[in-house]
Amino acid sequence: MKLVIEHIRKAYDGRTVLADCTYSFSGGGVYVLMGPNGCGKSTLLRICSLLEGPDGGELRYSDNGAPLVPGMALRRRMTLVLPRTGVFNTTVFGNAAYGLRVRGARREEVASRVRDVLTFVGLSHKLQQNALTLSSGETQRLGIARALAIGPEILFLDEPTASVDEENTTIIESIIGDLKREGRTMVIMTTHDRDQAERLADRLLIMKEGKVREA
Amino acid sequence: MSSLVQGFFQAVSLILHVDRVLFGIILLSLKVSGLALLLSTMLGLPLGSVLGLKRFPGRDLAISTVNTLMGLPPVVVGLFIYLLLSRRGPLGFLGLLYSPSAMIIAQTILAVPIVTALCHSAIVNVDPLIRQAARTLGATPRQETVAVIREARYGILSAIIAAFGRVMAEVGAILIVGGNIAGYTRVMTTTIALETDKGNFELALALGIILLAISFAVNTLLHAVQKRGAVRAA
């Protein structure tokens, strides 16, 4: 899938967050957005993942050159993992299965897919544990597993390691590294950590004064 | 104290001897309160959900009104329904006065604000991240709503427990609209009031003990379900 953003603008209560964002994301690989707090990184991810509309500008999605119409069907082809994962008061399995269940996936497909993604993020041994009992690092990994379960073509990660310890940061970076190697999912993530950005990024982008540019 | 002890033994004796009249009263109490609880949940849960999930003009006023109605005096409700259902009232043609249906209506009116207010409270206390999580994972607006209500399930259960306590203990309204007719509208609380008036304290106490035991059993069951959820979440 290809995503082109052109002249995206967004303001909250008269305060401009995104002034004029233009960029083209295509193919697999990892795009890392960096920038100071409040520069609009999270807002851009929310707009690109169709959770919020821009005040102006254009978002164009296409698949092999064919344009895609923004709507629920397109929104379901991508997902956003927030800096703090909100987990449902149910098992780890139930959480990871949520995205598939709302899509009406068959029970066998759900079971097999969920086991795969929980193994991928190292949580397969906690399948039946209540998700609220996980540590913050495990919770964030569950957030990523839950997102991967639906097989997104674009995975937006908003500061995925902001609230986790060093060990879990390493695990999450390794998960992103695996996704990068597989090359099936385009990852667009934000981070404050310059070293992490350089370790993971295929393309490093800087957000400043509401605009995006390549580093 | 001796009345209390005698009441206890009489309660045991009435149960052991399978007193048909007593069982009829208990069954009617459970039927009336059970149906009222069911109706108040069917009305209160959607109302509480709307108040908790939607933003609309007058919402704050609606919340304040519902909270105020939680303290509705039962005799006022009884009087209001009596006037509605009496032969000369606007709904008199239905012929419901002094029937179990009128008692169910009265209990439902008393319980709906409790279920609504406590469901609203349970839903607004759900972490906003839950809704966002559901949305990011591709939930439709309806599925988002279901996810939030599901997260509030133990709070909703508390609302139902509170409403059950209210309807089981209710006497003023159902006495006015039910009339305490033996074998037809006589329930446990109205029998207790009647037997106390007659000076038959032992029987009144016996019924009080049975009423408490039923409430205790139902509350223990619901609390166990609630605790199970809390333990899993701890």
# chains A, B, ... in the order shown; residues from 1 in each chain; ligands from 1
$ select_by_dssp --residues "region 128-207 of chain B" --states "alpha helix (DSSP H)" --output "PyMOL selection string"
chain B and resi 128-136+141-151+153-169+172-178+188-197+201-207
$ interface_residues --of "chain A" --to "chain B" --cutoff "9 Å" --atoms "only C-alpha atoms" --output "ChimeraX atom specification"
/A:49,51,72-73,75-82,84-90,98-100,102-103,129-133,143,146-147,150
$ atom_distance --atom1 "CA of Glu58 (chain A)" --atom2 "CA of Ala19 (chain A)"
12.9 Å
$ residues_around --residues "Gly28 (chain A)" --least-positions-apart "3" --cutoff "10 Å" --atoms "only C-alpha atoms" --output "JSON, numbers by chain"
{"A": [1, 2, 25, 31, 153, 154, 179, 180, 181, 182, 183, 184, 185, 186, 187, 188, 202]}
$ write_last_selection --atoms "C-alpha atoms" --output "short mmCIF file (atom, residue, chain, number, x, y, z; two decimals), in the first residue's frame"
data_model
loop_
_atom_site.label_atom_id
_atom_site.label_comp_id
_atom_site.auth_asym_id
_atom_site.auth_seq_id
_atom_site.Cartn_x
_atom_site.Cartn_y
_atom_site.Cartn_z
CA MET A 1 0.00 0.00 0.00
CA LYS A 2 1.13 3.53 -0.69
CA PHE A 25 5.17 6.56 2.23
CA TYR A 31 9.74 5.10 8.68
CA GLU A 153 -0.56 -3.35 5.77
CA ILE A 154 0.49 -0.23 7.65
CA LEU A 179 8.81 -6.91 10.71
CA LYS A 180 11.37 -4.96 8.72
CA ARG A 181 13.05 -8.16 7.53
CA GLU A 182 9.74 -9.75 6.60
CA GLY A 183 8.94 -6.63 4.59
CA ARG A 184 5.18 -7.29 4.43
CA THR A 185 4.15 -4.46 6.75
CA MET A 186 4.98 -0.80 6.38
CA VAL A 187 5.88 0.52 9.84
CA ILE A 188 5.53 4.23 10.57
CA ASP A 202 14.92 2.80 6.72
#
$ residues_around --residues "Leu51 (chain B)" --least-positions-apart "6" --cutoff "10 Å" --atoms "only C-alpha atoms" --output "list in words"
Leu45, Arg59, Asp60, Ala62, Ile63, Val66, Thr116, Ala117, Cys119, His120, Ser121, Ile123 and Val124 of chain B
$ residues_around --residues "Val171 (chain B)" --least-positions-apart "3" --cutoff "6 Å" --atoms "only C-alpha atoms" --output "PyMOL selection string"
chain B and resi 174-175+189-190
$ residues_around --residues "Leu212 (chain B)" --least-positions-apart "2" --cutoff "12 Å" --atoms "only C-alpha atoms" --output "short mmCIF file (atom, residue, chain, number, x, y, z; two decimals) with C-alpha atoms, in the first residue's frame"
data_model
loop_
_atom_site.label_atom_id
_atom_site.label_comp_id
_atom_site.auth_asym_id
_atom_site.auth_seq_id
_atom_site.Cartn_x
_atom_site.Cartn_y
_atom_site.Cartn_z
CA PHE B 8 -35.88 -17.22 64.16
CA ALA B 11 -38.90 -18.97 60.46
CA ILE B 26 -42.23 -15.74 48.96
CA GLY B 165 -31.92 -4.45 47.36
CA MET B 168 -36.91 -6.51 47.64
CA ALA B 169 -37.12 -4.13 50.59
CA MET B 188 -43.20 -10.52 52.21
CA THR B 189 -42.73 -6.87 53.09
CA LEU B 205 -39.78 -11.52 62.35
CA ALA B 206 -39.81 -14.94 60.74
CA LEU B 207 -40.69 -13.36 57.41
CA GLY B 208 -38.05 -10.67 57.97
CA ILE B 209 -35.42 -13.34 58.54
CA ILE B 210 -36.46 -15.22 55.39
CA ILE B 214 -33.01 -14.44 50.29
CA SER B 215 -31.35 -11.02 49.88
CA PHE B 216 -28.17 -12.39 51.42
CA ALA B 217 -28.11 -15.40 49.08
CA VAL B 218 -28.66 -13.32 45.94
CA ASN B 219 -26.16 -10.66 46.99
CA THR B 220 -23.55 -13.27 47.90
#
$ residues_around --residues "Glu202 (chain B)" --least-positions-apart "5" --cutoff "12 Å" --atoms "only C-alpha atoms" --output "PyMOL selection string"
chain B and resi 1-14+192+195-196+207-209
$ write_last_selection --atoms "N, CA and C atoms" --output "tab-separated table (two decimals), in the first residue's frame"
chain	number	residue	atom	x	y	z
B	1	MET	N	-35.59	-9.42	72.88
B	1	MET	CA	-34.63	-10.44	72.45
B	1	MET	C	-35.32	-11.79	72.25
B	2	SER	N	-36.29	-12.10	73.21
B	2	SER	CA	-36.97	-13.39	73.11
B	2	SER	C	-37.80	-13.44	71.83
B	3	SER	N	-38.36	-12.27	71.43
B	3	SER	CA	-39.13	-12.23	70.17
B	3	SER	C	-38.24	-12.57	68.99
B	4	LEU	N	-37.00	-12.07	69.04
B	4	LEU	CA	-36.05	-12.34	67.95
B	4	LEU	C	-35.77	-13.83	67.86
B	5	VAL	N	-35.51	-14.45	69.02
B	5	VAL	CA	-35.20	-15.88	69.03
B	5	VAL	C	-36.41	-16.68	68.56
B	6	GLN	N	-37.59	-16.30	69.09
B	6	GLN	CA	-38.82	-17.00	68.67
B	6	GLN	C	-39.05	-16.83	67.17
B	7	GLY	N	-38.78	-15.60	66.70
B	7	GLY	CA	-38.95	-15.32	65.27
B	7	GLY	C	-38.07	-16.21	64.43
B	8	PHE	N	-36.83	-16.38	64.90
B	8	PHE	CA	-35.88	-17.22	64.16
B	8	PHE	C	-36.38	-18.66	64.10
B	9	PHE	N	-36.79	-19.17	65.27
B	9	PHE	CA	-37.25	-20.56	65.30
B	9	PHE	C	-38.54	-20.74	64.49
B	10	GLN	N	-39.39	-19.71	64.53
B	10	GLN	CA	-40.62	-19.81	63.74
B	10	GLN	C	-40.31	-19.80	62.24
B	11	ALA	N	-39.30	-19.01	61.87
B	11	ALA	CA	-38.90	-18.97	60.46
B	11	ALA	C	-38.44	-20.34	60.01
B	12	VAL	N	-37.59	-20.97	60.84
B	12	VAL	CA	-37.09	-22.31	60.51
B	12	VAL	C	-38.26	-23.28	60.44
B	13	SER	N	-39.15	-23.16	61.43
B	13	SER	CA	-40.30	-24.06	61.47
B	13	SER	C	-41.20	-23.90	60.24
B	14	LEU	N	-41.45	-22.65	59.86
B	14	LEU	CA	-42.30	-22.40	58.69
B	14	LEU	C	-41.70	-22.99	57.42
B	192	ILE	N	-45.17	-8.47	56.48
B	192	ILE	CA	-44.45	-8.07	57.71
B	192	ILE	C	-45.15	-6.85	58.32
B	195	GLU	N	-48.55	-8.04	59.79
B	195	GLU	CA	-48.42	-8.86	61.01
B	195	GLU	C	-47.91	-8.02	62.18
B	196	THR	N	-47.08	-7.03	61.91
B	196	THR	CA	-46.60	-6.13	62.97
B	196	THR	C	-47.78	-5.33	63.51
B	207	LEU	N	-40.69	-13.79	58.81
B	207	LEU	CA	-40.69	-13.36	57.41
B	207	LEU	C	-39.51	-12.44	57.13
B	208	GLY	N	-39.20	-11.57	58.12
B	208	GLY	CA	-38.05	-10.67	57.97
B	208	GLY	C	-36.77	-11.46	57.81
B	209	ILE	N	-36.64	-12.52	58.61
B	209	ILE	CA	-35.42	-13.34	58.54
B	209	ILE	C	-35.33	-14.04	57.18
$ closest_residue --among "A:Asp178, A:Asp13, A:Asp193, A:Glu198" --to "Pro36 (chain A)" --atoms "only C-alpha atoms"
A:Asp193
$ closest_residue --among "A:Met207, A:Ala11, A:Ile175, A:Val212" --to "Cys39 (chain A)" --atoms "only C-alpha atoms"
A:Met207
$ decode --residues "region 179-193 of chain A" --atoms "C-alpha atoms" --output "mmCIF file, in the first residue's frame"
data_model
loop_
_atom_site.group_PDB
_atom_site.id
_atom_site.type_symbol
_atom_site.label_atom_id
_atom_site.label_comp_id
_atom_site.auth_asym_id
_atom_site.auth_seq_id
_atom_site.Cartn_x
_atom_site.Cartn_y
_atom_site.Cartn_z
ATOM 1 C CA LEU A 179 8.813 -6.912 10.706
ATOM 2 C CA LYS A 180 11.374 -4.964 8.720
ATOM 3 C CA ARG A 181 13.052 -8.155 7.533
ATOM 4 C CA GLU A 182 9.737 -9.754 6.600
ATOM 5 C CA GLY A 183 8.937 -6.626 4.590
ATOM 6 C CA ARG A 184 5.180 -7.289 4.434
ATOM 7 C CA THR A 185 4.150 -4.463 6.751
ATOM 8 C CA MET A 186 4.980 -0.800 6.383
ATOM 9 C CA VAL A 187 5.883 0.524 9.843
ATOM 10 C CA ILE A 188 5.533 4.230 10.569
ATOM 11 C CA MET A 189 6.670 5.000 14.093
ATOM 12 C CA THR A 190 7.558 7.929 16.285
ATOM 13 C CA THR A 191 10.290 8.066 18.903
ATOM 14 C CA HIS A 192 12.274 10.502 20.995
ATOM 15 C CA ASP A 193 15.307 8.249 21.052
#
